[in-house]
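Quick notes on the structure that follows.
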Amino acid sequence: MSEPLKIAVVGLGRMGAVHALHVHELARDTQTCELAALADIDLEHARRFNAAIGRSVPLFASLEDLVKAGVCDAVVIVTPTENHREHAAQMIAAGFRVLLEKPLTGTLEADREFAAELDRGHPHALMLAFQRRFDEPLRYARQLMEAGAIGRVFKIYSALEDSNPAPNGYKSGGILSDMSVHNVDEILWLTGRTPSRALALGARIYSHALTTCQEDFDDALLYLWFGNDLVAQIQVGRNHVSGYRVETVIFGETGQIHVGHFDQKPFEIVVEAYGRRGSAKPLAHKTFAMRDYGRPLPEFVDRFGAAYKAELAAFIECCRTGAPFPVTHRDGVRAQEVIAAGMQATVGPEQSAPVAT
Ligand SMILES: NC(=O)c1ccc[n+]([C@@H]2O[C@H](COP(=O)([O-])OP(=O)(O)OC[C@H]3O[C@@H](n4cnc5c(N)ncnc54)[C@H](O)[C@@H]3O)[C@@H](O)[C@H]2O)c1
């Protein structure tokens, strides 16, 4: 394809406005795409976006109207999770390739059904938005790991903590399926392995009381065993009031790689690798400047703005060349299978043992 890819963005809320901005910028700077349409059940959200970029991109109040208009080649779907399956299926049936925000559907059962449908009829139609795979600091850590910088890896710790509860009205199927799906995919991608067993623990300890979004936990841990030579610990929460905490620590037999370290500097992400105790200099130390959009945006955009844009550029490239997507519905199912296993073995105070007093 030599013409720019005509892209429609469906859902112009917190995340959709960011994807639409990146389509607009890539159109301007690379001519590989065009922002051809915006669709939202609440047209005011789409109008607000048009006003913010000083454009009059055609607006549609429904997916049906968007399809009928025949104005796009591909679609970015950023509607609430409960609509993902219906909206993605509708757009794929209309002949479009789709970039769908995570999670695939929000439940394992629906993920499996939808993935089976896609495998039968449209195996290359859907790219799932796991932006961590396009994040420069994490890609650098993966390179260090694969180059053997810290020897055989036996443990990964991955934390993701919001500074606020999910917004009022936000619908989540649970903090693990909504939030830790990022960490789970990161770990499967870093290691190239799938765990054999999982266990979850959680509590509603603070921020659940500050929002109408009712989730099972506002603080949770997921523990994963990969046979008997690797473990992973995932920590997610919505209680880190000091700011967004995104940290990954990779433990190897000869050293450790640390990606990100919460210190109130959201636009500066440090990746460090250290050798065994006593080695004077770090094995590696690199600082990555995150993009400052110059205005208040959700904290996940401060940390992952460039990754979201790189993910979109990869989607555009695959659509233009006809190549398969690097991340698909199968990755979404795999991550949700891990989480569902953990949820089957959730431990709360009832399963714990009393402490003698
Ligand atoms: N990858 C990430 O880091 C990340 C971050 C935040 C959100 N997300 C995902 O993005 C999705 C959207 O989350 P959000 O926080 O932007 O939600 P949001 O509520 O802010 O935005 C959703 C938008 O979709 C619109 N919408 C709702 N129903 C619609 C319909 N039937 N047709 C058309 N438009 C409709 C709403 O009017 C709204 O503008 C969720 O699935 C969430 O998991 C991903």
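Ligands are numbered from 1 in the order shown, residues from 1 within each chain, and chains are lettered A, B, ... in the order they appear in the structure tokens.
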- request: Apply DSSP to the structure's backbone, then extract all residues of segment 281-339 of chain A labelled strand (DSSP E or B) and return them as an MDAnalysis selection string.
  value: chainID A and resid 284:289
message: For Gly151 of chain A, find every residue with an atom within 6 Å (counting only C-alpha atoms), except residues of its own chain fewer than 2 positions away, and show them as number ranges by chain.
response: A: 148-149, 252-254
message: ligand 1: which residues are within 9 Å, counting only C-alpha atoms and all ligand atoms? Reply as number ranges by chain.
response: A: 10-18, 39-46, 60-63, 77-84, 87, 100-106, 129-132, 166-167, 169-172, 178-179, 182, 298, 300-301, 304, 308
Sel. of helix (DSSP H, G or I) residues, segment 30-184 of chain A, as number ranges by chain: A: 30, 43-53, 63-69, 81-93, 108-121, 131-134, 136-146, 175-184
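With atom CA of Ala110 of chain A on one side and atom CA of Ile339 of chain A on the other, the separation reads 14.1 Å.
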